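One file, data16.cif, carrying mmCIF, C-alpha atoms and all ligand atoms:
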```cif
data_structure
loop_
_atom_site.label_atom_id
_atom_site.label_comp_id
_atom_site.auth_asym_id
_atom_site.auth_seq_id
_atom_site.Cartn_x
_atom_site.Cartn_y
_atom_site.Cartn_z
CA MET W 1 0.00 0.00 0.00
CA VAL W 2 1.14 3.54 -0.69
CA LYS W 3 2.23 5.16 2.50
CA GLY W 4 0.63 8.43 3.52
CA LYS W 5 3.71 10.55 2.95
CA TYR W 6 3.89 9.44 -0.71
CA ASN W 7 0.26 10.33 -1.39
CA ARG W 8 0.89 13.94 -2.29
CA PRO W 9 3.55 13.32 -5.01
CA VAL W 10 1.54 10.38 -6.39
CA ILE W 11 -1.65 12.48 -6.57
CA GLY W 12 0.33 15.39 -8.03
CA PHE W 13 1.85 13.17 -10.73
CA ALA W 14 -1.50 11.53 -11.55
CA SER W 15 -3.12 15.00 -11.80
CA PHE W 16 -0.32 16.12 -14.12
CA LEU W 17 -0.82 13.04 -16.35
CA LEU W 18 -4.55 13.63 -16.42
CA LEU W 19 -3.99 17.26 -17.36
CA CYS W 20 -1.68 16.17 -20.22
CA LEU W 21 -4.36 13.73 -21.36
CA ILE W 22 -6.97 16.51 -21.35
CA VAL W 23 -4.71 18.83 -23.39
CA ILE W 24 -3.90 16.06 -25.90
CA GLN W 25 -7.58 15.13 -26.15
CA PHE W 26 -8.51 18.77 -26.73
CA PHE W 27 -6.02 19.16 -29.60
CA TYR W 28 -7.00 15.82 -31.15
CA VAL W 29 -10.69 16.70 -31.09
CA LYS W 30 -9.95 20.17 -32.48
CA ASN W 31 -7.84 18.70 -35.31
CA ALA W 32 -10.38 15.98 -36.07
CA TYR W 33 -13.13 18.61 -36.26
CA GLU W 34 -11.11 20.86 -38.55
CA LEU W 35 -10.23 17.89 -40.76
CA LYS W 36 -13.89 16.96 -40.99
CA GLN W 37 -14.77 20.54 -41.96
CA ASP W 38 -12.01 20.64 -44.62
CA GLN W 39 -13.20 17.34 -46.05
CA PHE W 40 -16.77 18.62 -46.13
CA SER W 41 -15.71 21.86 -47.91
CA TYR W 42 -13.72 19.87 -50.45
CA GLU W 43 -16.57 17.46 -51.23
CA VAL W 44 -19.17 20.23 -51.54
CA THR W 45 -16.86 22.31 -53.77
CA GLN W 46 -16.18 19.30 -56.02
CA SER W 47 -19.90 18.48 -56.23
CA LEU W 48 -20.78 22.07 -57.09
CA LEU W 49 -18.02 22.26 -59.71
CA SER W 50 -19.36 19.10 -61.36
CA THR W 51 -22.92 20.48 -61.14
CA LEU W 52 -21.82 23.72 -62.79
CA ASP W 53 -19.95 21.86 -65.50
CA PHE W 54 -22.92 19.66 -66.24
CA LEU W 55 -25.36 22.57 -66.17
CA GLN W 56 -23.24 24.64 -68.53
CA LYS W 57 -22.95 21.71 -70.94
CA THR W 58 -26.70 21.07 -70.82
CA GLN W 59 -27.38 24.76 -71.49
CA GLY W 60 -24.79 24.87 -74.35
CA ASP W 61 -22.63 27.36 -72.44
CA SER W 62 -18.95 26.69 -73.20
CA SER W 63 -17.53 29.81 -71.50
CA ILE W 64 -15.03 29.49 -68.67
CA ILE W 65 -15.80 30.99 -65.28
CA LEU W 66 -12.79 31.69 -63.07
CA ASN W 67 -13.00 30.35 -59.50
CA PRO W 68 -16.72 29.73 -59.74
CA VAL W 69 -17.21 28.20 -56.26
CA VAL W 70 -16.50 30.38 -53.24
CA GLN W 71 -17.07 29.31 -49.65
CA THR W 72 -18.07 32.59 -48.01
CA GLU W 73 -18.88 31.08 -44.61
CA PRO W 74 -18.32 27.62 -43.09
CA HIS W 75 -21.86 26.63 -44.16
CA LEU W 76 -22.39 28.78 -47.23
CA PHE W 77 -21.17 28.17 -50.78
CA VAL W 78 -21.72 30.61 -53.63
CA VAL W 79 -21.45 29.51 -57.28
CA LYS W 80 -21.10 31.99 -60.16
CA ILE W 81 -22.96 31.16 -63.37
CA HIS W 82 -24.01 33.04 -66.50
CA TYR W 83 -27.63 31.97 -66.31
CA VAL W 84 -29.85 29.18 -65.00
CA SER W 85 -32.39 28.00 -67.53
CA SER W 86 -34.29 25.76 -65.10
CA PRO W 87 -34.04 25.88 -61.30
CA TYR W 88 -35.44 22.34 -61.15
CA LEU W 89 -32.67 21.07 -63.39
CA LEU W 90 -30.10 22.78 -61.12
CA GLU W 91 -31.72 21.30 -58.02
CA SER W 92 -31.71 17.76 -59.41
CA LEU W 93 -28.12 18.10 -60.61
CA ILE W 94 -27.02 19.21 -57.15
CA ARG W 95 -28.94 16.36 -55.56
CA LEU W 96 -27.23 13.91 -57.92
CA GLU W 97 -23.72 15.21 -57.27
CA PHE W 98 -24.22 15.34 -53.52
CA LYS W 99 -25.44 11.76 -53.59
CA LYS W 100 -22.33 10.70 -55.53
CA ASN W 101 -20.14 12.25 -52.85
CA ALA W 102 -22.20 10.75 -50.03
CA LEU W 103 -23.31 14.20 -48.86
CA ASP W 104 -26.68 13.71 -47.25
CA GLN W 105 -27.18 16.95 -45.36
CA ASP W 106 -30.18 19.19 -45.76
CA PHE W 107 -29.51 22.42 -47.60
CA VAL W 108 -31.14 25.60 -48.82
CA LEU W 109 -30.79 26.53 -52.48
CA ASN W 110 -31.13 30.16 -53.58
CA ILE W 111 -30.78 31.46 -57.15
CA TYR W 112 -30.02 35.14 -57.63
CA ASP W 113 -30.86 37.08 -60.78
CA CYS W 114 -28.79 40.23 -61.21
CA PHE W 115 -31.10 41.74 -63.83
CA SER W 116 -34.03 41.91 -61.46
CA ASP W 117 -31.69 42.13 -58.41
CA SER W 118 -33.72 39.48 -56.62
CA VAL W 119 -33.70 35.90 -55.44
CA VAL W 120 -35.71 34.13 -58.13
CA TYR W 121 -35.70 30.70 -56.59
CA SER W 122 -35.40 29.58 -52.93
CA LYS W 123 -36.00 26.10 -51.61
CA ASP W 124 -35.27 24.10 -48.46
CA ILE W 125 -34.10 20.72 -49.68
CA SER W 126 -34.04 17.72 -47.44
CA LEU W 127 -31.87 14.78 -48.48
CA ILE W 128 -32.77 12.68 -45.50
CA ASN W 129 -36.52 13.10 -45.84
CA THR W 130 -37.04 15.33 -42.87
CA ASP W 131 -38.73 18.66 -42.82
CA ILE W 132 -36.26 21.46 -42.61
CA GLU W 133 -37.04 24.93 -41.64
CA ALA W 134 -34.07 27.11 -42.23
CA ASN W 135 -33.25 30.39 -43.80
CA ALA W 136 -29.92 31.10 -45.37
CA PRO W 137 -28.03 33.72 -43.37
CA GLU W 138 -28.21 37.36 -44.36
CA PHE W 139 -26.31 37.57 -47.58
CA SER W 140 -25.67 40.70 -49.59
CA TRP W 141 -26.27 39.72 -53.19
CA ASP W 142 -23.81 41.59 -55.42
CA ARG W 143 -25.31 42.70 -58.70
CA GLU W 144 -21.85 43.29 -60.21
CA GLN W 145 -21.05 39.61 -59.88
CA GLY W 146 -23.80 38.68 -62.30
CA HIS W 147 -25.95 35.56 -61.79
CA TYR W 148 -25.16 33.07 -59.12
CA PHE W 149 -26.70 30.55 -56.80
CA SER W 150 -25.93 29.68 -53.21
CA VAL W 151 -26.08 26.47 -51.21
CA TYR W 152 -26.45 26.80 -47.45
CA PHE W 153 -26.16 23.92 -44.94
CA PRO W 154 -28.10 24.87 -41.79
CA ASN W 155 -27.06 21.81 -39.75
CA GLN W 156 -23.43 21.73 -40.71
CA VAL W 157 -21.90 22.37 -37.22
CA SER W 158 -23.99 19.80 -35.36
CA GLU W 159 -23.58 17.25 -38.18
CA SER W 160 -19.80 17.65 -38.02
CA ILE W 161 -19.75 17.30 -34.26
CA PHE W 162 -21.94 14.19 -34.30
CA SER W 163 -19.86 12.63 -37.02
CA LEU W 164 -16.94 12.71 -34.55
CA GLU W 165 -18.60 9.90 -32.58
CA PHE W 166 -15.38 8.28 -31.45
CA TRP W 167 -13.89 11.54 -30.23
CA LEU W 168 -17.09 12.53 -28.58
CA LEU W 169 -17.30 9.25 -26.68
CA SER W 170 -13.66 9.35 -25.65
CA THR W 171 -14.10 12.94 -24.43
CA ILE W 172 -17.12 11.91 -22.34
CA ALA W 173 -15.09 8.98 -20.96
CA LEU W 174 -12.27 11.37 -20.09
CA ILE W 175 -14.64 13.76 -18.32
CA ILE W 176 -16.08 10.85 -16.28
CA GLU W 177 -12.52 9.76 -15.48
CA VAL W 178 -11.60 13.27 -14.29
CA LEU W 179 -14.71 13.41 -12.10
CA PHE W 180 -13.94 10.01 -10.59
CA PHE W 181 -10.35 10.97 -10.00
CA THR W 182 -11.37 14.21 -8.27
CA TYR W 183 -13.85 12.29 -6.12
CA LEU W 184 -11.21 9.69 -5.17
CA VAL W 185 -8.65 12.36 -4.27
CA TRP W 186 -11.27 14.08 -2.14
CA GLN W 187 -12.14 10.79 -0.43
CA LEU W 188 -8.49 10.02 0.15
CA SER W 189 -7.81 13.40 1.71
CA GLN W 190 -10.91 13.04 3.93
CA GLN W 191 -9.76 9.59 5.07
CA ARG W 192 -6.26 10.86 5.77
CA ARG W 193 -7.69 13.72 7.79
CA ILE W 194 -9.94 11.40 9.82
CA SER W 195 -7.13 8.92 10.41
CA LYS W 196 -4.84 11.77 11.58
CA LEU W 197 -7.54 13.04 13.93
CA LYS W 198 -8.12 9.50 15.27
CA THR W 199 -4.40 9.02 15.95
CA GLU W 200 -4.31 12.34 17.78
CA PHE W 201 -7.40 11.30 19.74
CA ILE W 202 -5.81 7.98 20.79
CA ASN W 203 -2.57 9.76 21.79
CA ASN W 204 -4.58 12.27 23.78
CA MET W 205 -6.68 9.62 25.45
CA THR W 206 -3.64 7.54 26.42
CA HIS W 207 -2.01 10.63 27.84
CA GLU W 208 -5.17 11.64 29.73
CA PHE W 209 -5.58 8.16 31.24
CA LYS W 210 -1.93 7.69 32.10
CA THR W 211 -1.74 10.51 34.64
CA PRO W 212 -4.62 9.46 36.93
CA LEU W 213 -3.64 5.78 36.60
CA SER W 214 -0.06 6.43 37.73
CA THR W 215 -1.29 8.69 40.56
CA ILE W 216 -3.58 5.84 41.70
CA ALA W 217 -0.67 3.35 41.42
CA ILE W 218 1.58 5.58 43.57
CA SER W 219 -1.18 6.04 46.17
CA VAL W 220 -1.88 2.29 46.31
CA ASN W 221 1.85 1.61 46.84
CA ALA W 222 1.85 4.13 49.67
CA LEU W 223 -1.19 2.46 51.22
CA LYS W 224 0.61 -0.87 51.15
CA ARG W 225 3.29 0.45 53.52
CA PRO W 226 3.18 -1.67 56.73
CA ASN W 227 2.86 1.21 59.19
CA ILE W 228 0.19 3.09 57.20
CA THR W 229 -2.57 2.17 59.70
CA ASP W 230 -0.68 4.13 62.31
CA GLN W 231 -1.10 7.28 60.17
CA PRO W 232 -4.85 7.67 59.71
CA GLU W 233 -4.48 11.20 58.25
CA THR W 234 -2.06 10.04 55.52
CA LEU W 235 -4.24 7.00 54.82
CA LYS W 236 -7.29 9.26 54.39
CA ARG W 237 -5.36 11.62 52.10
CA TYR W 238 -4.27 8.77 49.80
CA ALA W 239 -7.80 7.32 49.78
CA GLU W 240 -9.13 10.75 48.75
CA ILE W 241 -6.53 11.00 45.97
CA ILE W 242 -7.60 7.58 44.66
CA GLU W 243 -11.25 8.59 44.91
CA SER W 244 -10.79 11.84 43.01
CA GLU W 245 -8.59 10.29 40.30
CA ASN W 246 -11.08 7.47 39.95
CA PHE W 247 -13.85 10.05 39.57
CA ARG W 248 -11.80 11.84 36.88
CA LEU W 249 -11.30 8.58 34.99
CA GLN W 250 -14.99 7.75 35.21
CA GLU W 251 -15.87 11.22 33.90
CA GLN W 252 -13.59 10.80 30.92
CA VAL W 253 -14.88 7.33 30.09
CA THR W 254 -18.46 8.61 30.36
CA ARG W 255 -17.71 11.50 27.99
CA ILE W 256 -16.20 9.17 25.39
CA LEU W 257 -19.01 6.62 25.67
CA ARG W 258 -21.64 9.35 25.53
CA ALA W 259 -20.16 10.76 22.33
CA ALA W 260 -19.98 7.29 20.80
CA THR W 261 -23.54 6.27 21.65
CA ILE W 262 -25.23 9.49 20.64
CA GLU W 263 -23.93 9.08 17.10
CA LYS W 264 -25.80 5.81 16.68
CA GLU W 265 -28.90 6.00 14.56
CA GLY W 266 -32.03 6.44 16.60
CA ALA W 267 -30.29 7.03 19.94
CA ALA W 268 -33.28 7.57 22.20
CA LEU W 269 -33.71 11.14 23.39
CA LYS W 270 -36.44 12.09 25.80
CA ASN W 271 -38.83 14.86 24.92
CA GLU W 272 -39.78 16.55 28.18
CA ALA W 273 -40.67 20.13 29.02
CA ILE W 274 -37.60 21.66 30.66
CA ASP W 275 -36.81 25.15 31.82
CA VAL W 276 -33.54 26.32 30.28
CA HIS W 277 -32.99 28.85 33.09
CA THR W 278 -33.19 26.11 35.74
CA ILE W 279 -30.68 23.98 33.83
CA LEU W 280 -28.33 26.92 33.40
CA ASN W 281 -28.54 27.82 37.10
CA ASP W 282 -27.77 24.19 38.08
CA ALA W 283 -24.80 24.12 35.70
CA LEU W 284 -23.53 27.42 37.06
CA ASN W 285 -23.65 26.09 40.62
CA THR W 286 -21.34 23.28 39.51
CA PHE W 287 -18.83 25.65 37.89
CA LYS W 288 -19.10 28.64 40.27
CA MET W 289 -16.42 27.40 42.67
CA ASN W 290 -14.04 26.58 39.87
CA ILE W 291 -14.46 30.05 38.31
CA GLU W 292 -14.12 31.85 41.63
CA THR W 293 -10.96 29.98 42.67
CA LYS W 294 -9.41 31.03 39.38
CA GLY W 295 -10.35 34.66 40.13
CA GLY W 296 -12.79 34.74 37.22
CA VAL W 297 -15.94 36.78 36.69
CA LEU W 298 -19.27 35.19 35.82
CA ARG W 299 -22.21 37.27 34.56
CA THR W 300 -25.72 36.11 33.77
CA ASN W 301 -28.34 38.00 31.76
CA PHE W 302 -31.46 35.89 31.57
CA HIS W 303 -33.75 38.09 29.46
CA ALA W 304 -35.85 35.33 27.92
CA VAL W 305 -39.45 35.39 29.14
CA ASN W 306 -40.27 32.06 27.50
CA SER W 307 -37.57 29.65 28.66
CA VAL W 308 -39.30 26.27 28.51
CA ILE W 309 -38.32 23.92 25.69
CA PHE W 310 -39.10 20.33 24.76
CA ALA W 311 -35.86 18.32 25.01
CA ASP W 312 -33.87 15.68 26.86
CA LYS W 313 -32.91 17.20 30.21
CA SER W 314 -29.76 15.18 30.80
CA HIS W 315 -28.32 15.78 27.30
CA ILE W 316 -29.19 19.49 27.33
CA THR W 317 -27.47 19.75 30.73
CA ASN W 318 -24.39 18.11 29.17
CA VAL W 319 -24.51 20.58 26.27
CA PHE W 320 -24.27 23.60 28.60
CA HIS W 321 -21.72 21.84 30.81
CA ASN W 322 -19.52 21.32 27.75
CA LEU W 323 -19.85 24.94 26.59
CA ILE W 324 -19.13 26.40 30.05
CA ASP W 325 -16.28 23.91 30.63
CA ASN W 326 -14.71 24.98 27.30
CA ALA W 327 -15.17 28.67 28.13
CA ILE W 328 -13.16 28.08 31.32
CA LYS W 329 -10.57 25.77 29.70
CA TYR W 330 -9.81 28.12 26.83
CA SER W 331 -9.52 31.29 28.91
CA PRO W 332 -5.99 30.85 30.25
CA LYS W 333 -5.45 34.49 31.25
CA GLU W 334 -8.57 36.49 31.85
CA LEU W 335 -11.56 34.41 32.95
CA ASN W 336 -14.56 36.45 32.00
CA ILE W 337 -17.69 34.44 31.24
CA SER W 338 -21.18 35.64 30.52
CA ILE W 339 -24.28 33.55 29.98
CA SER W 340 -27.31 35.21 28.48
CA THR W 341 -30.71 34.22 27.15
CA GLU W 342 -33.22 36.08 25.00
CA ASN W 343 -36.35 35.35 23.01
CA VAL W 344 -36.19 36.02 19.27
CA GLY W 345 -39.38 35.17 17.40
CA ASN W 346 -40.54 31.76 18.58
CA LYS W 347 -37.07 30.82 19.80
CA ILE W 348 -34.89 31.10 22.84
CA HIS W 349 -31.23 31.96 22.21
CA ILE W 350 -28.73 30.94 24.88
CA THR W 351 -25.23 32.43 24.53
CA VAL W 352 -22.14 31.27 26.40
CA LYS W 353 -19.49 33.92 25.90
CA ASP W 354 -15.89 34.10 27.04
CA SER W 355 -12.99 36.49 26.49
CA GLY W 356 -10.43 33.72 26.14
CA LEU W 357 -8.25 32.44 23.30
CA GLY W 358 -10.86 32.73 20.57
CA ILE W 359 -10.87 30.61 17.42
CA ALA W 360 -9.44 31.72 14.07
CA SER W 361 -12.06 31.75 11.31
CA ALA W 362 -10.19 28.98 9.43
CA HIS W 363 -11.04 26.54 12.26
CA GLN W 364 -14.52 27.70 13.15
CA ASP W 365 -16.44 25.17 11.03
CA GLN W 366 -14.11 22.32 11.89
CA VAL W 367 -14.38 22.59 15.69
CA PHE W 368 -17.76 20.85 15.45
CA GLU W 369 -16.19 17.85 13.70
CA LYS W 370 -15.42 14.71 15.68
CA PHE W 371 -11.89 14.59 17.18
CA TYR W 372 -11.02 18.04 15.81
CA ARG W 373 -8.88 20.20 18.09
CA VAL W 374 -7.53 23.57 17.03
CA PRO W 375 -3.75 23.13 16.57
CA THR W 376 -2.24 24.87 19.57
CA GLY W 377 1.36 25.19 18.42
CA ASN W 378 3.59 24.93 21.46
CA ARG W 379 0.81 24.91 24.02
CA HIS W 380 0.06 21.48 25.45
CA ASP W 381 -1.56 22.67 28.63
CA VAL W 382 -5.23 22.43 27.61
CA LYS W 383 -6.46 18.86 27.81
CA GLY W 384 -9.26 17.43 25.72
CA PHE W 385 -10.38 14.79 23.26
CA GLY W 386 -11.98 16.94 20.59
CA ILE W 387 -15.37 15.29 21.03
CA GLY W 388 -17.18 17.85 23.21
CA LEU W 389 -18.37 20.28 20.53
CA ASN W 390 -19.22 17.43 18.16
CA TYR W 391 -21.47 16.01 20.86
CA VAL W 392 -22.99 19.46 21.51
CA HIS W 393 -23.67 19.92 17.79
CA LEU W 394 -25.25 16.46 17.44
CA ILE W 395 -27.53 16.92 20.45
CA VAL W 396 -28.64 20.41 19.44
CA GLN W 397 -29.41 19.15 15.94
CA LYS W 398 -31.25 16.06 17.17
CA GLN W 399 -33.36 18.26 19.43
CA GLY W 400 -34.34 20.48 16.50
CA GLY W 401 -32.15 23.41 17.49
CA SER W 402 -29.15 25.14 15.99
CA ILE W 403 -25.76 26.34 17.15
CA LYS W 404 -23.75 29.34 15.98
CA LEU W 405 -20.19 30.29 16.76
CA ASN W 406 -18.99 33.85 16.81
CA SER W 407 -15.33 34.11 17.62
CA LYS W 408 -12.22 36.18 17.02
CA LEU W 409 -8.74 34.90 17.63
CA GLY W 410 -7.34 36.44 20.81
CA LYS W 411 -10.63 38.16 21.67
CA GLY W 412 -12.90 35.32 22.80
CA SER W 413 -15.77 33.16 21.65
CA ALA W 414 -19.54 33.16 21.87
CA PHE W 415 -21.53 29.97 21.27
CA THR W 416 -25.25 30.62 20.72
CA VAL W 417 -27.66 27.70 20.93
CA SER W 418 -31.25 28.23 19.76
CA PHE W 419 -34.36 26.17 20.42
CA LYS W 420 -38.07 26.70 19.82
CA PHE W 421 -39.68 27.54 23.14
CA VAL W 422 -42.97 26.09 24.38
CA SER W 423 -45.58 28.82 24.43
P1 LIG F 501 -11.75 19.56 23.48
O1 LIG F 501 -11.87 18.32 24.27
O2 LIG F 501 -10.46 19.63 22.74
O3 LIG F 501 -12.01 20.78 24.28
P2 LIG F 501 -14.11 20.24 21.97
O4 LIG F 501 -14.82 19.44 20.94
O5 LIG F 501 -14.88 20.66 23.15
O6 LIG F 501 -12.84 19.39 22.35
O7 LIG F 501 -13.54 21.51 21.26
C1 LIG F 501 -12.87 21.40 20.02
C2 LIG F 501 -11.83 22.48 19.90
O8 LIG F 501 -12.47 23.74 19.76
C3 LIG F 501 -10.94 22.61 21.11
O9 LIG F 501 -9.82 21.76 21.01
C4 LIG F 501 -10.55 24.06 21.09
O10 LIG F 501 -9.41 24.23 20.27
C5 LIG F 501 -11.72 24.75 20.41
N1 LIG F 501 -12.60 25.41 21.41
C6 LIG F 501 -13.75 24.94 21.92
N2 LIG F 501 -14.32 25.84 22.75
C7 LIG F 501 -13.53 26.92 22.74
C8 LIG F 501 -13.57 28.19 23.40
N3 LIG F 501 -14.55 28.55 24.21
N4 LIG F 501 -12.55 29.06 23.13
C9 LIG F 501 -11.56 28.75 22.30
N5 LIG F 501 -11.46 27.55 21.65
C10 LIG F 501 -12.42 26.65 21.86
#
```

Go ahead and express the file in the form of structure tokens.
Amino acid sequence: MVKGKYNRPVIGFASFLLLCLIVIQFFYVKNAYELKQDQFSYEVTQSLLSTLDFLQKTQGDSSIILNPVVQTEPHLFVVKIHYVSSPYLLESLIRLEFKKNALDQDFVLNIYDCFSDSVVYSKDISLINTDIEANAPEFSWDREQGHYFSVYFPNQVSESIFSLEFWLLSTIALIIEVLFFTYLVWQLSQQRRISKLKTEFINNMTHEFKTPLSTIAISVNALKRPNITDQPETLKRYAEIIESENFRLQEQVTRILRAATIEKEGAALKNEAIDVHTILNDALNTFKMNIETKGGVLRTNFHAVNSVIFADKSHITNVFHNLIDNAIKYSPKELNISISTENVGNKIHITVKDSGLGIASAHQDQVFEKFYRVPTGNRHDVKGFGIGLNYVHLIVQKQGGSIKLNSKLGKGSAFTVSFKFVS
């Protein structure tokens, strides 16, 4: 299998080859079309020359006309002649000559009389027994040139294109190939991205689990000391360490399992009437201590009059826990959090705002993807699995709401969740 690091040059080379193929195909089709047009012009000119020769002989005209056939446009041929005794004779002679040269396209025949300065004969002639409705293009008949007739092929361009069947098919095949190739490259890059994110997630998880596990191991070793029962205070301290690290581990496992199960099709969500303000107040009680110990400021502006929504209480609680937890986590310097609610139309908007790190616009859509964490450069201090916002997004969507992020790098972030309220 091609290793990841070789993907880029391989894709680049394949794209280059495909591009060469497209250019070659373009020139081949162009040449084939021009060749077809040249061949057509040659055959029509030869047929018209023979027609003229025959007509002159039939009419007893032995004079020589210089360059009698002129192709004035790709589809229009003009033939000089001294006179035409019978238009029907001319028409049948043309038909005959065209048949000899296997020309079976419909055409319009016009005969111009310079004495009366008018078109004396005009007919749409179908060689393939279909009705044609075409007018020869605007043509300025030149009286000085004497008598002449014109033959116009209304379907010439499309006939030439369709006669290039092979080239047409190969061009369609090439277009399909290019589309497939583009789709495959896109798939490949998506898979590479997901696999990179998964590796980062596993590294993160291992790292996150290692610390509490080794703290527990150290505490257990300490508890195994023979004289530990003589030191009840130390024993209690180690037991508390084990308890808190165990709690941390349980929390992390729950978060991962929760994110995994909610993705499953048809994950059951309750639909109960819940008051968003009550949930927010409960969540704030949980985080208040944490914010205060860090010297942070917490503001609440609950302006919404209608704050009851239909949703799953436990998942909605998790949603706000995640958003507030992130607001704290990603505000390393100044901890300034505000939580506000307002009614807009038939909805309640809940905004969790911080003045922390902020998120550059390039990452704002991706933060809701599973495992995605904004690359932090040299900072490794903020822990996480990159599954919190994905979970939030999924829950909000499943509950018929929406989430919007408004953030500026270095200035802070505001996540606004909206739900229809119960009136
Ligand atoms: P994590 O476990 O990494 O916090 P999340 O899914 O909750 O995972 O968030 C995804 C990423 O979005 C985070 O790694 C972080 O870079 C960015 N992020 C989330 N919330 C905030 C915030 N309030 N301020 C700045 N960045 C944030």

Taken to one decimal, the CA of His277 (chain W)-CA of Phe368 (chain W) distance is 24.6 Å

Grab me every residue within 9 Å of ligand LIG 501 (chain F), counting all atoms listed in the file, and send it over as a PyMOL selection string.
chain W and resi 322-331+352-360+363-364+366-376+382-392+407+409-410+412-415

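Atom to atom, CA of Asn301 (chain W) and CA of Ile339 (chain W) stand 6.3 Å apart.
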
The residue from W:Ser307, W:Thr206, W:Phe419, W:Ile24 with the smallest atom-to-atom distance to Ser170 (chain W), counting all atoms listed in the file, is W:Ile24

For CA of Ala14 (chain W) and CA of Phe180 (chain W), the interatomic separation in Å (one decimal):
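Going from CA of Ala14 (chain W) over to CA of Phe180 (chain W) covers 12.6 Å.
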